[in-house]
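Have a look at the structure below before the remarks.
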Amino acid sequence: MIMSLAACIAGFFLDFIFGDPVWLYHPVRLIGKGISFGERQLRKLCSRNEKNESGRGLVAAGAVLWVCIAGLSFLIPLGVLVLAQKIHPVLRFVLETFWCYQIIAARCLCKESGKVYDRLKAEDLPGARRAVSMIVGRDTENLSTEGVTKAAVETVAENTSDGVTAPLIYMLIGGAPLGFLYKAVNTMDSMLGYKNDKYLYFGRIPARMDDIFNYIPARVTALFMIAASFLCGLDGKNAWRIYKRDRRKHASPNAAQTEAVCAGALRVRLAGDAVYFGKVYKKEFIGDALRPIQPEDIRRTGRLMYVTAFLLLIVFGAVKYALLILI
C-alpha cells in the first residue's frame with residue numbers, strides 16, 4: 001500500500017512536470033469506446049422489446065452499462081497490477097505510477113486554458129472563442145471577451161475537482177484501479193448525462209452516480225481551495241463568504257462548490273445564462289462583480305487550482321501514510 005501511495009504522488013508530479021502524454025493512447029479513450037459500444041448494444045436490445053422502449057427500460061439499460069463499465073474499469077487495472085506484482089514489485093510501481101500520471105489532468109487543463117489566455121492577450125477574439133470551445137460545452141461563437149474569459153475561468157474552477165482533486169483523492173484511497181473507476185464514472189456522465197430526448201432516461205443512472213462520486217470530493221476541494229486562496233494572495237475571506245452563499249446555485253449539486261470559491265477569491269461574478277446547442281439556459285449568477293473579470297484571471301485560477309491540489313496531496317498523503325504505519 002505504501003508503494004501505491006508513492007506511485008500516486010510520483011504520478012502527480014509527472015503530470016505537473018510533463019503534462020498529459022499525448023503521444024500514447026490514453027486509457028480513458030478505451031473507456032469511451034467501451035461506453036459507445038455498450039450503449040449501441042443495449043439500445044438494440046431495448047428496441048427489440050417493446051416493453052423496454054419505455055423510460056423504465058432505458059433507465060435499466062443505463063444502469064447495466066454503468067455497472068459493466070465501472071466494474072471493468074476497476075477490475076482490469078487491478079488484475080494487471082496483481083500480475084505485475086507477481087513478476088516484480090518494481091514493475092507494479094512503474095506501471096501504477098504511469099497510470100496515475102495519465103489519470104491526473106492538471107497540466108492539460110492549465111495548458112488548454114492558457115491557449116485561451118494567449119489569444120485574448122493577442123486581442124484575437126475569434127481565436128479565443130475557438131480555443132475555449134475545446135474545453136467547454138456551451139456555444140462559443142457569439143461570446144464576448146468577457147464571456148470567453150468567464151467560460152475559461154469557470155471550466156478551470158469546476159474541473160479543479162472533476163479533473164484533478166477528485167481523481168487524486170480516489171487514487172490516494174485505492175490506487176490507480178480506483179482512479180480509473182472514478183474516470184469511468186466521470187466519462188459516462190460526460191457522454192450520457194444529458195437531459196435531452198436521447199439521454200433523459202438512458203443517462204439518468206450515470207448522471208446520478210457521477211453526482212454521488214463527486215459529492216464529497218467537490219466539498220473537500222472547495223475547503224482546500226479557500227485555504228489556497230489565502231496562499232495565492234487572493235481574497236480568501238470573500239471566497240468563504242461567497243462559498244457559503246452561492247455553493248448551491250447550480251443544477252448540479254457539485255459544480256458550484258468550487259466555482260463559488262473561485263468567484264469569491266477573484267472578486268468577480270461567474271455563471272449566468274449560457275447557450276447550449278442554440279438554446280438559452282437560465283442560470284443564476286455566482287459571486288459579486290466587485291471588479292470586471294480580466295484575462296489574467298484565467299492564470300490566477302490555474303495557480304489556485306495547483307495550490308489547492310498540492311495542499312490536498314500533502315494533507316491526504318500524510319494521513320494515508322500515518323494510517324499505513326499505524327496499521
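Labels for the C-alpha cells follow display order: chains A, B, ..., residues from 1 in each chain, ligands from 1.
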Which residues come within 8 Å of stretch 304-317 of chain A, counting only C-alpha atoms, excluding same-chain residues fewer than 6 positions away, as number ranges by chain?
A: 5, 9, 106, 156-157, 160, 164-165, 168-169, 172, 221, 224-225, 227-229, 231-232
Could you write out the selected residues, including N, CA, C and O atoms, as a PDB file, in the first residue's frame?
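Saved result, again29.pdb, follows:
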ATOM      1  N   LEU A   5       0.811   4.445  -2.631  1.00  0.00           N
ATOM      2  CA  LEU A   5       0.820   5.861  -2.261  1.00  0.00           C
ATOM      3  C   LEU A   5       1.956   6.586  -2.959  1.00  0.00           C
ATOM      4  O   LEU A   5       1.771   7.696  -3.491  1.00  0.00           O
ATOM      5  N   ILE A   9       1.747   9.767  -5.712  1.00  0.00           N
ATOM      6  CA  ILE A   9       2.488  11.023  -5.562  1.00  0.00           C
ATOM      7  C   ILE A   9       3.408  11.250  -6.758  1.00  0.00           C
ATOM      8  O   ILE A   9       3.477  12.353  -7.310  1.00  0.00           O
ATOM      9  N   ALA A 106      -4.187  17.962 -14.495  1.00  0.00           N
ATOM     10  CA  ALA A 106      -3.944  19.347 -14.094  1.00  0.00           C
ATOM     11  C   ALA A 106      -3.184  20.136 -15.156  1.00  0.00           C
ATOM     12  O   ALA A 106      -3.578  21.241 -15.547  1.00  0.00           O
ATOM     13  N   VAL A 156     -11.968  25.886 -15.496  1.00  0.00           N
ATOM     14  CA  VAL A 156     -10.820  25.530 -14.654  1.00  0.00           C
ATOM     15  C   VAL A 156     -11.269  25.348 -13.208  1.00  0.00           C
ATOM     16  O   VAL A 156     -10.855  24.400 -12.534  1.00  0.00           O
ATOM     17  N   ALA A 157     -12.142  26.240 -12.725  1.00  0.00           N
ATOM     18  CA  ALA A 157     -12.617  26.147 -11.349  1.00  0.00           C
ATOM     19  C   ALA A 157     -13.374  24.849 -11.103  1.00  0.00           C
ATOM     20  O   ALA A 157     -13.130  24.141 -10.124  1.00  0.00           O
ATOM     21  N   THR A 160     -11.151  21.724 -11.390  1.00  0.00           N
ATOM     22  CA  THR A 160     -10.189  21.537 -10.306  1.00  0.00           C
ATOM     23  C   THR A 160     -10.579  20.315  -9.493  1.00  0.00           C
ATOM     24  O   THR A 160      -9.734  19.518  -9.075  1.00  0.00           O
ATOM     25  N   VAL A 164      -8.853  16.958 -11.290  1.00  0.00           N
ATOM     26  CA  VAL A 164      -7.589  16.952 -10.535  1.00  0.00           C
ATOM     27  C   VAL A 164      -7.770  16.351  -9.138  1.00  0.00           C
ATOM     28  O   VAL A 164      -7.257  15.275  -8.850  1.00  0.00           O
ATOM     29  N   THR A 165      -8.488  17.052  -8.270  1.00  0.00           N
ATOM     30  CA  THR A 165      -8.503  16.622  -6.871  1.00  0.00           C
ATOM     31  C   THR A 165      -9.365  15.383  -6.625  1.00  0.00           C
ATOM     32  O   THR A 165      -9.017  14.548  -5.792  1.00  0.00           O
ATOM     33  N   LEU A 168      -7.470  12.422  -7.673  1.00  0.00           N
ATOM     34  CA  LEU A 168      -6.350  12.313  -6.733  1.00  0.00           C
ATOM     35  C   LEU A 168      -6.805  11.689  -5.420  1.00  0.00           C
ATOM     36  O   LEU A 168      -6.127  10.816  -4.864  1.00  0.00           O
ATOM     37  N   ILE A 169      -7.957  12.117  -4.918  1.00  0.00           N
ATOM     38  CA  ILE A 169      -8.485  11.552  -3.671  1.00  0.00           C
ATOM     39  C   ILE A 169      -8.751  10.055  -3.833  1.00  0.00           C
ATOM     40  O   ILE A 169      -8.377   9.246  -2.961  1.00  0.00           O
ATOM     41  N   LEU A 172      -5.490   8.146  -3.946  1.00  0.00           N
ATOM     42  CA  LEU A 172      -4.864   8.063  -2.630  1.00  0.00           C
ATOM     43  C   LEU A 172      -5.547   7.003  -1.766  1.00  0.00           C
ATOM     44  O   LEU A 172      -4.917   6.376  -0.922  1.00  0.00           O
ATOM     45  N   THR A 221     -12.649  19.725  -1.839  1.00  0.00           N
ATOM     46  CA  THR A 221     -11.856  20.585  -2.714  1.00  0.00           C
ATOM     47  C   THR A 221     -12.172  22.053  -2.468  1.00  0.00           C
ATOM     48  O   THR A 221     -11.261  22.905  -2.446  1.00  0.00           O
ATOM     49  N   PHE A 224     -10.359  23.205   0.633  1.00  0.00           N
ATOM     50  CA  PHE A 224      -8.931  23.357   0.372  1.00  0.00           C
ATOM     51  C   PHE A 224      -8.674  24.560  -0.533  1.00  0.00           C
ATOM     52  O   PHE A 224      -7.655  25.240  -0.408  1.00  0.00           O
ATOM     53  N   MET A 225      -9.597  24.837  -1.442  1.00  0.00           N
ATOM     54  CA  MET A 225      -9.439  25.984  -2.337  1.00  0.00           C
ATOM     55  C   MET A 225      -9.542  27.304  -1.576  1.00  0.00           C
ATOM     56  O   MET A 225      -8.861  28.282  -1.915  1.00  0.00           O
ATOM     57  N   ALA A 227      -8.524  27.722   1.513  1.00  0.00           N
ATOM     58  CA  ALA A 227      -7.205  27.857   2.132  1.00  0.00           C
ATOM     59  C   ALA A 227      -6.162  28.288   1.100  1.00  0.00           C
ATOM     60  O   ALA A 227      -5.307  29.144   1.372  1.00  0.00           O
ATOM     61  N   ALA A 228      -6.251  27.715  -0.099  1.00  0.00           N
ATOM     62  CA  ALA A 228      -5.301  28.064  -1.160  1.00  0.00           C
ATOM     63  C   ALA A 228      -5.455  29.517  -1.592  1.00  0.00           C
ATOM     64  O   ALA A 228      -4.480  30.147  -2.027  1.00  0.00           O
ATOM     65  N   SER A 229      -6.660  30.072  -1.470  1.00  0.00           N
ATOM     66  CA  SER A 229      -6.889  31.470  -1.851  1.00  0.00           C
ATOM     67  C   SER A 229      -6.000  32.402  -1.047  1.00  0.00           C
ATOM     68  O   SER A 229      -5.433  33.364  -1.587  1.00  0.00           O
ATOM     69  N   LEU A 231      -3.115  31.611   0.338  1.00  0.00           N
ATOM     70  CA  LEU A 231      -1.725  31.384  -0.060  1.00  0.00           C
ATOM     71  C   LEU A 231      -1.407  32.013  -1.411  1.00  0.00           C
ATOM     72  O   LEU A 231      -0.262  32.369  -1.680  1.00  0.00           O
ATOM     73  N   CYS A 232      -2.428  32.138  -2.277  1.00  0.00           N
ATOM     74  CA  CYS A 232      -2.226  32.724  -3.607  1.00  0.00           C
ATOM     75  C   CYS A 232      -2.356  34.245  -3.613  1.00  0.00           C
ATOM     76  O   CYS A 232      -2.250  34.875  -4.674  1.00  0.00           O
TER      77      CYS A 232
END
Neighbouring residues of stretch 205-214 of chain A were defined as those with any atom within 6 Å, considering only C-alpha atoms; residues of the same chain fewer than 2 positions away were excluded. Please report them as JSON, numbers by chain.
{"A": [63, 185, 186, 188, 189, 193, 203, 216, 217, 218]}
Can I get the selected residues back with C-alpha atoms, as a PDB file, in the first residue's frame?
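Once written, part36.pdb looks like this:
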ATOM      1  CA  ALA A  63     -27.761   1.094 -15.077  1.00  0.00           C
ATOM      2  CA  VAL A 185     -17.867   7.327 -13.803  1.00  0.00           C
ATOM      3  CA  ASN A 186     -16.884  10.828 -14.912  1.00  0.00           C
ATOM      4  CA  MET A 188     -20.030   8.116 -18.543  1.00  0.00           C
ATOM      5  CA  ASP A 189     -21.564  11.303 -17.182  1.00  0.00           C
ATOM      6  CA  GLY A 193     -25.572  12.550 -18.665  1.00  0.00           C
ATOM      7  CA  GLY A 203     -28.234   8.590 -18.931  1.00  0.00           C
ATOM      8  CA  ILE A 216     -17.589  14.595  -1.030  1.00  0.00           C
ATOM      9  CA  PRO A 217     -14.573  15.438  -3.266  1.00  0.00           C
ATOM     10  CA  ALA A 218     -16.261  18.646  -4.504  1.00  0.00           C
TER      11      ALA A 218
END
With only C-alpha atoms as the basis for distance, which of A:Tyr117, A:Trp66, A:Phe16, A:Tyr281 is at the shortest distance from A:Gly34?
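Using only C-alpha atoms, the shortest distance to A:Gly34 belongs to A:Trp66.
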Taking only C-alpha atoms into account, which of A:Trp99, A:Thr145, A:Asp139, A:Glu284 comes nearest A:Asp124?
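That would be A:Thr145, the residue with the smallest distance to A:Asp124.
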Shell of 12 Å around A:Arg29, only C-alpha atoms, local chain residues under 2 positions omitted, as a VMD selection string
chain A and resid 22 24 to 27 31 to 36 73 102 to 103 180 183 to 184 187 to 188 191
Output file for the residues above (N, CA and C atoms, as a PDB file, in the first residue's frame):
ATOM      1  N   VAL A  22       0.420  12.857 -24.626  1.00  0.00           N
ATOM      2  CA  VAL A  22      -0.480  12.766 -25.787  1.00  0.00           C
ATOM      3  C   VAL A  22       0.032  11.805 -26.855  1.00  0.00           C
ATOM      4  N   LEU A  24       0.796   8.849 -26.416  1.00  0.00           N
ATOM      5  CA  LEU A  24       0.372   7.484 -26.111  1.00  0.00           C
ATOM      6  C   LEU A  24      -1.149   7.415 -26.054  1.00  0.00           C
ATOM      7  N   TYR A  25      -1.691   6.317 -26.535  1.00  0.00           N
ATOM      8  CA  TYR A  25      -3.151   6.106 -26.494  1.00  0.00           C
ATOM      9  C   TYR A  25      -3.623   6.114 -25.053  1.00  0.00           C
ATOM     10  N   HIS A  26      -4.564   7.002 -24.723  1.00  0.00           N
ATOM     11  CA  HIS A  26      -4.990   7.174 -23.337  1.00  0.00           C
ATOM     12  C   HIS A  26      -6.036   6.128 -22.952  1.00  0.00           C
ATOM     13  N   PRO A  27      -5.894   5.512 -21.771  1.00  0.00           N
ATOM     14  CA  PRO A  27      -6.861   4.502 -21.337  1.00  0.00           C
ATOM     15  C   PRO A  27      -8.299   5.024 -21.283  1.00  0.00           C
ATOM     16  N   ILE A  31     -12.071   3.528 -22.415  1.00  0.00           N
ATOM     17  CA  ILE A  31     -13.307   3.564 -21.631  1.00  0.00           C
ATOM     18  C   ILE A  31     -14.426   4.182 -22.462  1.00  0.00           C
ATOM     19  N   GLY A  32     -14.104   5.266 -23.169  1.00  0.00           N
ATOM     20  CA  GLY A  32     -15.090   5.922 -24.023  1.00  0.00           C
ATOM     21  C   GLY A  32     -15.606   5.008 -25.120  1.00  0.00           C
ATOM     22  N   LYS A  33     -14.705   4.259 -25.736  1.00  0.00           N
ATOM     23  CA  LYS A  33     -15.116   3.309 -26.778  1.00  0.00           C
ATOM     24  C   LYS A  33     -15.996   2.215 -26.194  1.00  0.00           C
ATOM     25  N   GLY A  34     -15.660   1.780 -24.987  1.00  0.00           N
ATOM     26  CA  GLY A  34     -16.482   0.765 -24.326  1.00  0.00           C
ATOM     27  C   GLY A  34     -17.880   1.278 -24.025  1.00  0.00           C
ATOM     28  N   ILE A  35     -17.974   2.548 -23.620  1.00  0.00           N
ATOM     29  CA  ILE A  35     -19.277   3.156 -23.347  1.00  0.00           C
ATOM     30  C   ILE A  35     -20.107   3.220 -24.629  1.00  0.00           C
ATOM     31  N   SER A  36     -19.494   3.673 -25.724  1.00  0.00           N
ATOM     32  CA  SER A  36     -20.214   3.790 -27.000  1.00  0.00           C
ATOM     33  C   SER A  36     -20.690   2.430 -27.489  1.00  0.00           C
ATOM     34  N   SER A  73     -13.525  -1.151 -15.495  1.00  0.00           N
ATOM     35  CA  SER A  73     -12.510  -0.102 -15.341  1.00  0.00           C
ATOM     36  C   SER A  73     -11.728  -0.259 -14.048  1.00  0.00           C
ATOM     37  N   GLN A 102      -1.336   9.390 -15.954  1.00  0.00           N
ATOM     38  CA  GLN A 102      -2.323   9.577 -17.011  1.00  0.00           C
ATOM     39  C   GLN A 102      -3.675  10.041 -16.481  1.00  0.00           C
ATOM     40  N   ILE A 103      -4.025   9.615 -15.281  1.00  0.00           N
ATOM     41  CA  ILE A 103      -5.343   9.931 -14.728  1.00  0.00           C
ATOM     42  C   ILE A 103      -5.465  11.403 -14.342  1.00  0.00           C
ATOM     43  N   PHE A 180      -9.126   4.832 -11.985  1.00  0.00           N
ATOM     44  CA  PHE A 180      -9.762   4.509 -13.264  1.00  0.00           C
ATOM     45  C   PHE A 180     -11.274   4.334 -13.099  1.00  0.00           C
ATOM     46  N   LYS A 183     -12.618   7.780 -13.161  1.00  0.00           N
ATOM     47  CA  LYS A 183     -12.584   8.351 -14.527  1.00  0.00           C
ATOM     48  C   LYS A 183     -13.683   7.740 -15.379  1.00  0.00           C
ATOM     49  N   ALA A 184     -13.982   6.464 -15.176  1.00  0.00           N
ATOM     50  CA  ALA A 184     -15.068   5.831 -15.918  1.00  0.00           C
ATOM     51  C   ALA A 184     -16.408   6.464 -15.554  1.00  0.00           C
ATOM     52  N   THR A 187     -16.489   9.888 -17.116  1.00  0.00           N
ATOM     53  CA  THR A 187     -16.625   9.811 -18.577  1.00  0.00           C
ATOM     54  C   THR A 187     -18.039   9.423 -18.980  1.00  0.00           C
ATOM     55  N   MET A 188     -18.647   8.493 -18.238  1.00  0.00           N
ATOM     56  CA  MET A 188     -20.030   8.116 -18.543  1.00  0.00           C
ATOM     57  C   MET A 188     -20.967   9.298 -18.376  1.00  0.00           C
ATOM     58  N   MET A 191     -20.533  11.634 -21.387  1.00  0.00           N
ATOM     59  CA  MET A 191     -21.065  11.114 -22.646  1.00  0.00           C
ATOM     60  C   MET A 191     -22.568  10.862 -22.608  1.00  0.00           C
TER      61      MET A 191
END
